[in-house]
file coords_19.cif (mmCIF, C-alpha atoms)
data_work
loop_
_atom_site.label_atom_id
_atom_site.label_comp_id
_atom_site.auth_asym_id
_atom_site.auth_seq_id
_atom_site.Cartn_x
_atom_site.Cartn_y
_atom_site.Cartn_z
CA MET A 4 111.78 145.46 194.47
CA PRO A 5 110.47 148.62 192.82
CA TYR A 6 111.97 149.51 189.43
CA SER A 7 115.10 151.66 189.39
CA ARG A 8 114.98 154.75 187.18
CA SER A 9 116.84 152.92 184.46
CA GLU A 10 114.45 149.95 184.70
CA MET A 11 111.45 152.29 184.47
CA ALA A 12 112.88 153.81 181.29
CA ALA A 13 113.61 150.34 179.90
CA ARG A 14 110.08 149.18 180.77
CA ALA A 15 108.54 152.08 178.85
CA ALA A 16 110.98 151.59 175.96
CA ALA A 17 109.88 147.96 175.62
CA ASP A 18 106.37 149.14 174.68
CA ILE A 19 107.45 151.40 171.80
CA PRO A 20 107.10 149.62 168.45
CA GLU A 21 109.22 150.20 165.38
CA GLY A 22 108.00 153.02 163.19
CA TRP A 23 106.54 155.28 165.86
CA VAL A 24 107.42 158.97 165.94
CA VAL A 25 108.18 159.73 169.57
CA ASN A 26 108.84 162.88 171.57
CA LEU A 27 110.50 162.40 174.96
CA GLY A 28 110.15 165.10 177.63
CA ILE A 29 113.17 166.48 179.41
CA GLY A 30 114.36 164.75 182.56
CA MET A 31 113.58 161.09 183.20
CA PRO A 32 111.74 160.38 179.91
CA THR A 33 114.84 161.32 177.87
CA ALA A 34 116.51 158.13 179.14
CA ILE A 35 113.91 155.97 177.35
CA ALA A 36 115.78 156.44 174.05
CA ASP A 37 118.84 154.68 175.54
CA HIS A 38 116.75 151.53 175.83
CA VAL A 39 115.43 151.41 172.28
CA PRO A 40 117.96 149.49 170.16
CA LEU A 41 119.00 151.30 166.95
CA GLU A 42 117.80 148.39 164.82
CA ARG A 43 114.26 148.99 166.09
CA GLU A 44 113.73 152.13 164.02
CA VAL A 45 111.87 154.64 166.18
CA ILE A 46 111.96 158.28 165.05
CA PHE A 47 112.73 160.51 168.00
CA GLN A 48 111.51 164.07 167.53
CA SER A 49 112.87 166.95 169.57
CA GLU A 50 110.74 170.09 169.68
CA ASN A 51 113.69 172.33 168.77
CA GLY A 52 113.43 170.91 165.27
CA VAL A 53 115.49 167.73 165.28
CA ILE A 54 113.71 164.83 163.59
CA GLY A 55 115.40 161.43 163.88
CA MET A 56 117.68 161.97 166.87
CA GLY A 57 120.31 159.38 167.61
CA PRO A 58 122.17 158.65 170.84
CA ALA A 59 124.40 161.11 172.67
CA PRO A 60 127.83 161.45 171.01
CA PRO A 61 131.08 160.54 172.74
CA PRO A 62 132.62 163.68 174.31
CA ASP A 63 135.16 164.11 171.49
CA ARG A 64 132.45 163.97 168.80
CA VAL A 65 130.06 166.62 170.16
CA ASP A 66 128.52 168.92 167.53
CA PRO A 67 127.71 172.11 169.44
CA TRP A 68 125.04 172.97 166.84
CA LEU A 69 123.07 169.83 167.54
CA ILE A 70 121.19 169.72 170.84
CA ASN A 71 117.93 168.23 172.09
CA ALA A 72 115.10 169.97 173.95
CA GLY A 73 116.98 169.45 177.21
CA LYS A 74 119.89 171.33 175.59
CA GLN A 75 122.15 168.27 175.72
CA PRO A 76 124.32 167.29 172.73
CA VAL A 77 122.76 164.59 170.53
CA THR A 78 123.34 163.08 167.10
CA LEU A 79 121.25 162.83 163.95
CA ARG A 80 120.55 159.40 162.50
CA PRO A 81 120.87 158.73 158.78
CA GLY A 82 117.40 159.73 157.53
CA GLY A 83 117.06 162.48 160.11
CA CYS A 84 116.44 166.13 159.27
CA TYR A 85 115.95 169.59 160.71
CA VAL A 86 112.90 171.85 160.73
CA HIS A 87 112.17 175.22 162.30
CA HIS A 88 110.09 175.69 165.43
CA ALA A 89 106.74 176.35 163.74
CA ASP A 90 107.13 173.21 161.60
CA SER A 91 108.27 171.21 164.61
CA PHE A 92 105.18 172.23 166.56
CA ALA A 93 102.92 171.79 163.53
CA MET A 94 104.08 168.18 163.68
CA ILE A 95 103.23 168.05 167.39
CA ARG A 96 99.97 170.01 167.34
CA GLY A 97 98.80 168.49 164.08
CA GLY A 98 98.70 164.97 165.52
CA HIS A 99 101.75 163.55 163.72
CA ILE A 100 103.51 162.36 166.88
CA ASP A 101 102.54 158.79 167.81
CA LEU A 102 103.72 159.06 171.38
CA CYS A 103 104.91 161.63 173.84
CA VAL A 104 106.31 160.67 177.23
CA LEU A 105 106.42 163.36 179.89
CA GLY A 106 107.25 163.62 183.57
CA ALA A 107 104.52 164.78 185.97
CA PHE A 108 103.78 166.25 189.37
CA GLU A 109 100.37 164.55 189.36
CA VAL A 110 98.19 162.43 187.10
CA ALA A 111 94.45 162.24 187.79
CA GLU A 112 92.31 159.18 187.23
CA ASN A 113 90.51 160.95 184.37
CA GLY A 114 93.86 161.45 182.60
CA ASP A 115 94.41 165.09 183.61
CA LEU A 116 98.11 165.96 183.70
CA ALA A 117 99.80 168.51 185.98
CA ASN A 118 103.48 169.04 185.30
CA TRP A 119 104.30 172.71 184.76
CA ALA A 120 103.46 174.81 187.81
CA THR A 121 103.33 174.02 191.49
CA SER A 122 100.64 176.60 192.32
CA GLU A 123 98.64 179.44 190.81
CA ASN A 124 101.21 181.78 192.35
CA ASP A 125 104.25 179.85 191.17
CA THR A 126 107.06 182.42 190.89
CA ALA A 127 107.80 181.98 187.16
CA PRO A 128 106.36 178.70 186.00
CA ALA A 129 107.95 177.26 182.88
CA VAL A 130 105.63 175.50 180.46
CA GLY A 131 107.92 174.90 177.47
CA GLY A 132 106.25 172.55 175.01
CA ALA A 133 104.33 170.47 177.55
CA MET A 134 100.88 171.89 176.76
CA ASP A 135 101.42 171.48 173.01
CA LEU A 136 102.54 167.89 173.46
CA GLY A 137 99.73 167.13 175.91
CA ALA A 138 97.08 168.42 173.52
CA GLY A 139 98.64 167.31 170.25
CA ALA A 140 100.37 163.94 170.54
CA LYS A 141 98.32 160.90 169.49
CA ARG A 142 99.03 159.29 172.85
CA LEU A 143 100.56 160.58 176.03
CA TRP A 144 102.37 158.45 178.59
CA VAL A 145 103.85 159.61 181.85
CA LEU A 146 107.09 158.33 183.37
CA MET A 147 107.57 159.33 187.01
CA GLU A 148 108.24 158.13 190.55
CA HIS A 149 105.04 156.81 192.11
CA THR A 150 105.22 159.33 194.98
CA THR A 151 106.98 162.63 195.70
CA LYS A 152 110.29 162.64 197.60
CA ASP A 153 108.36 163.14 200.84
CA GLY A 154 106.01 160.27 200.04
CA ARG A 155 102.92 162.07 198.72
CA PRO A 156 100.98 160.12 196.08
CA LYS A 157 101.14 161.37 192.50
CA LEU A 158 98.30 159.19 191.18
CA VAL A 159 95.33 161.21 192.42
CA PRO A 160 91.52 161.38 192.07
CA SER A 161 91.92 164.94 190.74
CA CYS A 162 94.93 167.19 190.33
CA SER A 163 95.63 169.87 192.92
CA TYR A 164 98.35 171.52 190.81
CA PRO A 165 97.51 173.65 187.75
CA LEU A 166 96.72 171.47 184.74
CA THR A 167 98.93 171.03 181.70
CA ALA A 168 96.42 169.06 179.61
CA LEU A 169 92.95 167.68 180.23
CA ARG A 170 92.08 163.96 179.98
CA ALA A 171 95.26 163.38 178.04
CA VAL A 172 97.31 160.68 179.81
CA ARG A 173 96.79 157.11 178.61
CA ARG A 174 99.42 155.25 180.59
CA VAL A 175 101.72 155.80 183.56
CA TYR A 176 105.07 154.07 184.22
CA THR A 177 106.31 154.39 187.79
CA ASN A 178 108.83 152.63 190.01
CA LEU A 179 105.94 150.49 191.29
CA GLY A 180 104.46 149.39 187.99
CA VAL A 181 102.56 150.22 184.82
CA PHE A 182 99.05 151.67 184.96
CA ASP A 183 96.58 152.42 182.18
CA VAL A 184 94.18 155.33 182.43
CA VAL A 185 90.85 153.91 181.28
CA PRO A 186 88.08 156.43 180.56
CA GLY A 187 85.17 155.99 182.95
CA ARG A 188 87.15 153.64 185.15
CA GLY A 189 90.42 155.24 186.24
CA PHE A 190 93.80 153.64 186.87
CA VAL A 191 93.98 150.00 185.87
CA VAL A 192 97.04 147.95 186.84
CA VAL A 193 98.83 146.57 183.78
CA GLU A 194 101.63 145.09 185.81
CA LEU A 195 103.47 145.65 189.07
CA ALA A 196 107.23 145.79 189.54
CA PRO A 197 108.68 142.47 190.72
CA GLY A 198 107.88 141.93 194.40
CA VAL A 199 105.52 144.91 194.64
CA SER A 200 102.06 143.94 195.86
CA LEU A 201 98.79 145.58 194.85
CA GLU A 202 98.37 146.66 198.48
CA GLN A 203 101.74 148.43 198.44
CA ALA A 204 100.96 150.19 195.17
CA GLN A 205 97.50 151.15 196.43
CA ALA A 206 98.94 152.51 199.70
CA ALA A 207 101.24 154.76 197.64
CA SER A 208 98.32 156.05 195.51
CA ALA A 209 95.57 158.53 196.39
CA ALA A 210 93.41 157.32 193.50
CA ARG A 211 91.92 153.85 193.46
CA LEU A 212 93.87 151.23 191.50
CA HIS A 213 91.69 148.79 189.60
CA THR A 214 92.71 145.36 188.43
CA SER A 215 91.84 144.39 184.93
CA ALA A 216 89.66 141.47 186.04
CA MET B 4 121.67 196.92 143.53
CA ILE B 5 120.14 195.38 146.60
CA ASN B 6 122.65 195.10 149.42
CA LYS B 7 121.42 194.30 152.91
CA ILE B 8 124.87 193.64 154.31
CA VAL B 9 125.99 196.23 156.85
CA GLN B 10 129.57 196.62 158.00
CA SER B 11 129.21 196.91 161.75
CA LEU B 12 127.06 195.70 164.61
CA ALA B 13 126.31 199.31 165.53
CA GLU B 14 124.92 199.87 162.04
CA ALA B 15 122.97 196.62 162.31
CA VAL B 16 121.02 197.74 165.39
CA ALA B 17 120.80 201.46 164.54
CA GLY B 18 117.40 203.03 164.97
CA ILE B 19 115.82 200.50 167.35
CA LYS B 20 113.43 202.67 169.36
CA ASP B 21 112.52 202.75 173.03
CA GLY B 22 109.35 200.72 173.66
CA SER B 23 110.02 198.30 170.79
CA THR B 24 108.97 194.67 170.79
CA VAL B 25 112.11 192.68 169.99
CA LEU B 26 112.16 189.02 168.97
CA ILE B 27 115.32 187.13 169.91
CA GLY B 28 116.04 183.85 168.15
CA GLY B 29 117.73 180.78 169.58
CA PHE B 30 116.99 177.78 171.73
CA GLY B 31 119.41 177.70 174.60
CA SER B 32 122.67 179.07 173.23
CA VAL B 33 122.21 177.49 169.80
CA GLY B 34 121.03 179.90 167.13
CA GLN B 35 121.10 182.80 169.57
CA PRO B 36 122.24 186.14 168.09
CA ASP B 37 124.68 186.94 170.90
CA ALA B 38 126.56 189.70 169.09
CA LEU B 39 123.34 191.52 168.14
CA ILE B 40 122.12 191.38 171.74
CA GLU B 41 125.43 192.85 172.90
CA ALA B 42 125.06 195.52 170.22
CA LEU B 43 121.54 196.30 171.45
CA ILE B 44 122.91 196.69 174.98
CA GLU B 45 125.37 199.26 173.60
CA GLN B 46 122.74 200.90 171.44
CA GLY B 47 120.68 201.91 174.44
CA ALA B 48 117.02 201.26 173.54
CA LYS B 49 114.92 200.75 176.66
CA ASP B 50 111.39 199.90 177.82
CA LEU B 51 111.59 196.88 175.54
CA THR B 52 109.28 193.89 175.28
CA CYS B 53 111.49 190.90 174.50
CA VAL B 54 110.21 187.66 173.00
CA ALA B 55 112.47 184.62 173.33
CA ASN B 56 112.05 180.98 174.23
CA ASN B 57 114.11 181.37 177.40
CA ALA B 58 114.60 184.34 179.72
CA GLY B 59 118.37 184.47 179.46
CA SER B 60 121.01 182.79 181.54
CA GLY B 61 124.08 183.91 183.40
CA ARG B 62 124.71 187.64 183.37
CA THR B 63 125.41 188.26 179.69
CA GLY B 64 123.26 188.70 176.59
CA LEU B 65 119.52 188.91 177.26
CA ALA B 66 120.14 188.48 181.01
CA ARG B 67 122.44 191.54 180.93
CA LEU B 68 119.86 193.56 178.99
CA MET B 69 117.31 192.69 181.69
CA GLU B 70 119.73 193.39 184.52
CA LEU B 71 120.30 196.87 183.11
CA GLY B 72 116.58 197.52 183.49
CA ARG B 73 115.96 197.85 179.77
CA VAL B 74 113.32 195.14 179.47
CA ARG B 75 109.81 195.98 180.64
CA LYS B 76 108.27 192.65 179.72
CA ILE B 77 109.38 189.24 178.59
CA ILE B 78 107.25 186.85 176.54
CA CYS B 79 108.62 183.31 176.63
CA SER B 80 107.79 179.64 177.16
CA PHE B 81 110.49 178.58 179.59
CA PRO B 82 111.77 181.38 181.85
CA ARG B 83 113.12 179.11 184.52
CA SER B 84 116.16 177.23 183.39
CA SER B 85 119.57 176.58 184.81
CA GLY B 86 121.27 179.93 185.19
CA SER B 87 118.20 182.16 184.74
CA VAL B 88 119.22 184.07 187.88
CA VAL B 89 118.70 187.62 186.61
CA PHE B 90 115.17 186.95 185.42
CA GLU B 91 114.22 185.26 188.68
CA GLU B 92 115.59 188.15 190.78
CA LEU B 93 113.76 190.77 188.70
CA TYR B 94 110.54 188.78 188.61
CA LYS B 95 110.54 188.23 192.37
CA ALA B 96 111.14 191.94 192.90
CA GLY B 97 108.22 192.79 190.59
CA LYS B 98 110.55 194.61 188.19
CA ILE B 99 109.67 192.68 185.04
CA GLU B 100 106.40 191.53 183.52
CA LEU B 101 106.12 187.96 182.32
CA GLU B 102 103.81 186.44 179.71
CA ILE B 103 104.14 182.67 179.59
CA VAL B 104 103.23 181.15 176.23
CA PRO B 105 103.34 177.45 175.38
CA GLN B 106 106.28 176.90 173.04
CA GLY B 107 104.22 175.76 170.05
CA THR B 108 101.72 178.58 170.54
CA LEU B 109 104.64 181.01 170.63
CA ALA B 110 106.03 179.67 167.35
CA GLU B 111 102.58 179.68 165.74
CA ARG B 112 101.76 183.21 166.95
CA LEU B 113 104.95 184.38 165.24
CA ARG B 114 104.27 182.39 162.09
CA ALA B 115 100.71 183.74 161.99
CA ALA B 116 101.98 187.31 162.32
CA GLY B 117 104.36 186.69 159.44
CA ALA B 118 101.60 185.19 157.33
CA GLY B 119 99.02 187.93 157.91
CA ILE B 120 96.79 185.78 160.12
CA PRO B 121 95.54 187.88 163.05
CA ALA B 122 94.49 185.00 165.31
CA PHE B 123 93.96 181.25 165.32
CA TYR B 124 92.33 178.53 167.38
CA THR B 125 94.38 175.85 169.10
CA ALA B 126 93.74 173.02 171.54
CA THR B 127 96.99 173.78 173.34
CA ALA B 128 96.36 175.17 176.86
CA GLN B 129 92.58 174.74 176.60
CA GLY B 130 91.18 174.37 180.11
CA THR B 131 94.40 175.54 181.81
CA LEU B 132 95.47 178.73 183.58
CA LEU B 133 96.99 179.95 180.32
CA ALA B 134 93.55 179.93 178.69
CA ARG B 135 92.18 182.55 181.08
CA GLY B 136 90.48 185.42 179.35
CA LYS B 137 90.74 183.77 175.95
CA GLU B 138 87.76 182.97 173.74
CA GLU B 139 86.90 179.27 173.72
CA ARG B 140 85.12 177.63 170.80
CA GLU B 141 84.12 174.12 169.85
CA PHE B 142 84.96 172.63 166.47
CA ASP B 143 83.93 169.06 165.62
CA GLY B 144 83.38 168.20 169.27
CA ARG B 145 86.66 169.51 170.63
CA LEU B 146 87.34 172.75 172.52
CA TYR B 147 89.93 175.25 171.31
CA ILE B 148 91.11 178.66 172.46
CA LEU B 149 91.77 181.76 170.41
CA GLU B 150 95.36 182.98 170.30
CA ARG B 151 96.50 186.26 168.73
CA ALA B 152 99.34 186.70 166.29
CA LEU B 153 102.51 188.18 167.79
CA ARG B 154 103.99 190.85 165.58
CA ALA B 155 107.14 192.75 166.49
CA ASP B 156 109.10 195.82 165.57
CA VAL B 157 112.46 194.07 165.43
CA ALA B 158 113.79 190.52 165.13
CA LEU B 159 117.36 189.67 166.07
CA ILE B 160 118.26 186.30 164.57
CA GLU B 161 121.26 184.12 163.91
CA ALA B 162 121.91 182.23 160.68
CA TRP B 163 124.80 180.34 159.09
CA GLU B 164 125.16 181.89 155.61
CA ALA B 165 123.72 184.93 153.88
CA ASP B 166 124.03 186.72 150.56
CA ARG B 167 123.48 190.41 149.87
CA TRP B 168 119.79 189.83 149.18
CA GLY B 169 119.45 188.50 152.73
CA ASN B 170 118.79 184.87 151.81
CA LEU B 171 119.66 182.72 154.83
CA THR B 172 120.70 179.17 155.62
CA TYR B 173 120.96 177.67 159.09
CA ARG B 174 123.04 175.01 160.73
CA ALA B 175 121.49 171.95 162.42
CA SER B 176 119.35 172.81 165.45
CA GLY B 177 120.46 176.45 165.15
CA ARG B 178 117.42 176.94 162.92
CA ASN B 179 114.80 176.76 165.72
CA PHE B 180 112.82 180.02 166.15
CA ASN B 181 114.93 182.08 163.72
CA PRO B 182 112.93 181.57 160.49
CA VAL B 183 109.52 182.32 162.08
CA MET B 184 110.89 185.35 163.91
CA ALA B 185 112.35 186.62 160.65
CA MET B 186 108.82 186.61 159.20
CA ALA B 187 107.17 188.37 162.12
CA ALA B 188 109.05 191.67 162.45
CA ASP B 189 109.17 194.94 160.53
CA LEU B 190 112.96 195.05 160.88
CA THR B 191 114.72 191.68 160.78
CA ILE B 192 118.44 191.77 161.51
CA ALA B 193 120.48 188.63 160.92
CA GLN B 194 123.85 187.85 162.43
CA VAL B 195 125.57 185.31 160.16
CA GLN B 196 128.91 183.52 160.10
CA HIS B 197 129.44 183.43 156.34
CA ILE B 198 128.69 185.85 153.52
CA ARG B 199 128.29 184.22 150.11
CA GLU B 200 128.17 185.75 146.65
CA LEU B 201 124.71 186.16 145.16
CA GLY B 202 123.83 182.86 143.49
CA GLU B 203 126.41 180.91 145.44
CA ILE B 204 123.91 179.52 147.94
CA ASP B 205 122.01 176.58 146.44
CA PRO B 206 118.42 177.89 146.18
CA GLU B 207 117.20 174.54 147.54
CA ARG B 208 119.07 175.29 150.78
CA VAL B 209 117.66 178.75 151.42
CA ILE B 210 115.37 178.48 154.46
CA THR B 211 114.64 182.17 154.97
CA PRO B 212 114.24 184.10 151.69
CA GLY B 213 115.75 187.56 151.80
CA VAL B 214 112.26 189.02 151.45
CA TYR B 215 111.94 188.65 155.24
CA VAL B 216 115.35 190.15 156.04
CA GLN B 217 116.33 193.83 156.19
CA ARG B 218 119.91 193.80 157.50
CA VAL B 219 122.72 191.26 157.59
CA VAL B 220 125.93 191.50 159.57
CA ARG B 221 128.77 189.03 159.55
CA VAL B 222 130.02 187.92 162.94
CA ASP B 223 132.68 185.29 163.28
CA ARG B 224 131.10 183.77 166.29
CA GLY B 225 132.42 180.25 166.19
CA SER B 226 130.40 177.47 167.77
CA PRO B 227 127.77 177.92 170.45
CA TRP B 228 128.74 176.67 173.89
CA VAL B 229 127.03 173.50 175.04
#

call {"tool": "encode", "arguments": {"input": "coords_19.cif", "output": "structure tokens"}}
result
Amino acid sequence: MPYSRSEMAARAAADIPEGWVVNLGIGMPTAIADHVPLEREVIFQSENGVIGMGPAPPPDRVDPWLINAGKQPVTLRPGGCYVHHADSFAMIRGGHIDLCVLGAFEVAENGDLANWATSENDTAPAVGGAMDLGAGAKRLWVLMEHTTKDGRPKLVPSCSYPLTALRAVRRVYTNLGVFDVVPGRGFVVVELAPGVSLEQAQAASAARLHTSA
Amino acid sequence: MINKIVQSLAEAVAGIKDGSTVLIGGFGSVGQPDALIEALIEQGAKDLTCVANNAGSGRTGLARLMELGRVRKIICSFPRSSGSVVFEELYKAGKIELEIVPQGTLAERLRAAGAGIPAFYTATAQGTLLARGKEEREFDGRLYILERALRADVALIEAWEADRWGNLTYRASGRNFNPVMAMAADLTIAQVQHIRELGEIDPERVITPGVYVQRVVRVDRGSPWV
């Protein structure tokens, strides 16, 4: 059985050690925070200047002044603080973020990431902070479905969509498993979701999947 | 006596000229100077270049300004968001120019303008479509692109408290782009919820010194919508 979305988020969350400063992209990656227990102190950074985000508040405790990058209400943990946008991105671009997890349209076997525009003629592509995070975070992971809704592979030999960051992705979590991007080698299977065979994962990938052996 | 507090929104936006570059603070609806944008709509300046993280949503505020044909160009990082209908219509019809800037590059271009730095190198966007036409240079084995400072005629910002010198505090994530935009414009106009006596704001809490602020207007806005 492939991982559900919640299981994918939980799988990625399991690999985040205490003490890391982590930025989660909008969409699926945001859910990773729900799977990191509060006693494992991970500092979640949101690019709109919230350092040390806590879980979403109950509906009757929403602070309308406190939102995350996805513009959803969040909380601030004890120890958290606020900065302005230039300081927030200094933190990102200056290499102070241990991990960023983003969604993607495609990841190439050399680590290229495409996640902001669907073509050169995209009618109003929206880049947000993705290029800053891709270039600036100490490590970049991707959390995404293994294929598009119509079954096209998203692990590819080289990206066909416009790039967000070059040779940046280190690891990919999908519904079929966990894959490292190893320079000079490509995608290496770390593990497969329970009941998913290497053949199945390979059939859903355009790039070659290597086994660690 | 220095007194930057003005008594009306009309006074706050007086003198903004056609063809101006206008910075608009906020991230989503939080920290967005809604009342000043409405005042600018009333004021009438046109042929504007607007700089904001998002390209407006719904049919009010920045979206309304665009719908009225007053915005020639928008510079932003994330034009397409839920409710950005006006921008998308205008863009499809070729009626508005768009410059997409990565969010961190946008913040840094503003900060640089405020700090007298004409341009800077960054790794962000290197090798992508957004690097086209930009100088590329290698430092210590890594490639960077040259980005120019982004200076503006006017900044419309929102803050929490102000005094008559224009010192500003912010509330939670309402800070966002407002302090860097305040630095980057010739005329910075702040919409604030509370006016304090001079000396009443703890100096340790001032985020934007009044040096960067020209006009302050009090607007009892209440909370942003989520």

call {"tool": "closest_atom_pairs", "arguments": {"input": "coords_19.cif", "of": "chain B", "to": "chain A", "cutoff": "7 Å", "atoms": "all atoms listed in the file", "output": "Markdown table"}}
result
| residue | atom | partner | partner_atom | distance |
| --- | --- | --- | --- | --- |
| B:Gly31 | CA | A:Lys74 | CA | 6.5 |
| B:Val33 | CA | A:Trp68 | CA | 6.1 |
| B:Ser80 | CA | A:Gly131 | CA | 4.8 |
| B:Phe81 | CA | A:Ala129 | CA | 4.4 |
| B:Pro82 | CA | A:Ala129 | CA | 5.7 |
| B:Arg83 | CA | A:Ala129 | CA | 5.7 |
| B:Lys95 | CA | A:Thr126 | CA | 6.9 |
| B:Pro105 | CA | A:Gly131 | CA | 5.6 |
| B:Gln106 | CA | A:Gly132 | CA | 4.8 |
| B:Gly107 | CA | A:Phe92 | CA | 5.1 |
| B:Ala110 | CA | A:Ala89 | CA | 5.0 |
| B:Glu111 | CA | A:Ala89 | CA | 5.7 |
| B:Arg114 | CA | A:Ala89 | CA | 6.7 |
| B:Ala126 | CA | A:Ala138 | CA | 6.0 |
| B:Thr127 | CA | A:Asp135 | CA | 5.0 |
| B:Ala128 | CA | A:Met134 | CA | 5.6 |
| B:Gly130 | CA | A:Leu169 | CA | 6.9 |
| B:Thr131 | CA | A:Leu166 | CA | 5.5 |
| B:Leu132 | CA | A:Pro165 | CA | 6.9 |
| B:Arg174 | CA | A:Trp68 | CA | 6.7 |
| B:Ala175 | CA | A:Trp68 | CA | 5.8 |
| B:Ser176 | CA | A:Leu69 | CA | 5.2 |
| B:Gly177 | CA | A:Trp68 | CA | 6.0 |
| B:Arg178 | CA | A:His87 | CA | 5.6 |
| B:Asn179 | CA | A:His87 | CA | 4.6 |
| B:Phe180 | CA | A:His88 | CA | 5.2 |
| B:Pro182 | CA | A:His87 | CA | 6.6 |
| B:Val183 | CA | A:Ala89 | CA | 6.8 |
| B:Ser226 | CA | A:Pro67 | CA | 6.2 |
| B:Pro227 | CA | A:Pro67 | CA | 5.9 |
| B:Trp228 | CA | A:Pro67 | CA | 6.5 |
| B:Val229 | CA | A:Pro67 | CA | 5.8 |

call {"tool": "resolve_selection", "arguments": {"input": "coords_19.cif", "expression": "the PyMOL selection byres ((chain A and resi 180) around 8)", "output": "PyMOL selection string"}}
result
chain A and resi 5-6+176-179+181-182+192-196

call {"tool": "closest_residue", "arguments": {"input": "coords_19.cif", "among": "B:Arg112, B:Lys20, B:Lys76, B:Arg67", "to": "Met184 of chain B", "atoms": "only C-alpha atoms"}}
result
B:Arg112

call {"tool": "closest_residue", "arguments": {"input": "coords_19.cif", "among": "B:Ala165, B:Asn170, B:Gln194, B:Thr108", "to": "Gly28 of chain B", "atoms": "all atoms listed in the file"}}
result
B:Gln194

call {"tool": "resolve_selection", "arguments": {"input": "coords_19.cif", "expression": "the PyMOL selection byres ((chain A and resi 109) around 7)", "output": "compact mmCIF listing (two decimals) with C-alpha atoms, in the coordinates of the input"}}
result
# COMPACT_ATOMS: atom_id res chain seq x y z
CA ALA A 107 104.52 164.78 185.97
CA PHE A 108 103.78 166.25 189.37
CA VAL A 110 98.19 162.43 187.10
CA ALA A 111 94.45 162.24 187.79
CA LEU A 116 98.11 165.96 183.70
CA ALA A 117 99.80 168.51 185.98
CA ASN A 118 103.48 169.04 185.30
CA LYS A 157 101.14 161.37 192.50
CA LEU A 158 98.30 159.19 191.18
CA VAL A 159 95.33 161.21 192.42
CA CYS A 162 94.93 167.19 190.33

call {"tool": "atom_distance", "arguments": {"input": "coords_19.cif", "atom1": "atom CA of Glu138 of chain B", "atom2": "atom CA of Lys141 of chain A"}}
result
24.8 Å

call {"tool": "atom_distance", "arguments": {"input": "coords_19.cif", "atom1": "atom CA of Leu190 of chain B", "atom2": "atom CA of Gly34 of chain B"}}
result
18.3 Å

call {"tool": "resolve_selection", "arguments": {"input": "coords_19.cif", "expression": "the PyMOL selection byres ((chain B and resi 52-58) around 8)", "output": "ChimeraX atom specification"}}
result
/B:22-31,50-51,59-60,65-66,74-84,87,90,106

call {"tool": "residues_near_point", "arguments": {"input": "coords_19.cif", "point": "(88.9, 159.7, 185.7)", "cutoff": "7 Å", "atoms": "all atoms listed in the file", "output": "ChimeraX atom specification"}}
result
/A:111-114,186-189

call {"tool": "atom_distance", "arguments": {"input": "coords_19.cif", "atom1": "atom CA of Leu113 of chain B", "atom2": "atom CA of Thr63 of chain B"}}
result
25.3 Å

call {"tool": "residues_near_point", "arguments": {"input": "coords_19.cif", "point": "(124.6, 195.8, 170.3)", "cutoff": "10 Å", "atoms": "all atoms listed in the file", "output": "PDB file with C-alpha atoms, keeping the file's coordinate frame"}}
result
ATOM      1  CA  SER B  11     129.210 196.910 161.750  1.00  0.00           C
ATOM      2  CA  LEU B  12     127.060 195.700 164.610  1.00  0.00           C
ATOM      3  CA  ALA B  13     126.310 199.310 165.530  1.00  0.00           C
ATOM      4  CA  GLU B  14     124.920 199.870 162.040  1.00  0.00           C
ATOM      5  CA  ALA B  15     122.970 196.620 162.310  1.00  0.00           C
ATOM      6  CA  VAL B  16     121.020 197.740 165.390  1.00  0.00           C
ATOM      7  CA  ALA B  17     120.800 201.460 164.540  1.00  0.00           C
ATOM      8  CA  ASP B  37     124.680 186.940 170.900  1.00  0.00           C
ATOM      9  CA  ALA B  38     126.560 189.700 169.090  1.00  0.00           C
ATOM     10  CA  LEU B  39     123.340 191.520 168.140  1.00  0.00           C
ATOM     11  CA  ILE B  40     122.120 191.380 171.740  1.00  0.00           C
ATOM     12  CA  GLU B  41     125.430 192.850 172.900  1.00  0.00           C
ATOM     13  CA  ALA B  42     125.060 195.520 170.220  1.00  0.00           C
ATOM     14  CA  LEU B  43     121.540 196.300 171.450  1.00  0.00           C
ATOM     15  CA  ILE B  44     122.910 196.690 174.980  1.00  0.00           C
ATOM     16  CA  GLU B  45     125.370 199.260 173.600  1.00  0.00           C
ATOM     17  CA  GLN B  46     122.740 200.900 171.440  1.00  0.00           C
ATOM     18  CA  GLY B  47     120.680 201.910 174.440  1.00  0.00           C
ATOM     19  CA  ALA B  48     117.020 201.260 173.540  1.00  0.00           C
ATOM     20  CA  GLY B  64     123.260 188.700 176.590  1.00  0.00           C
TER      21      GLY B  64
END
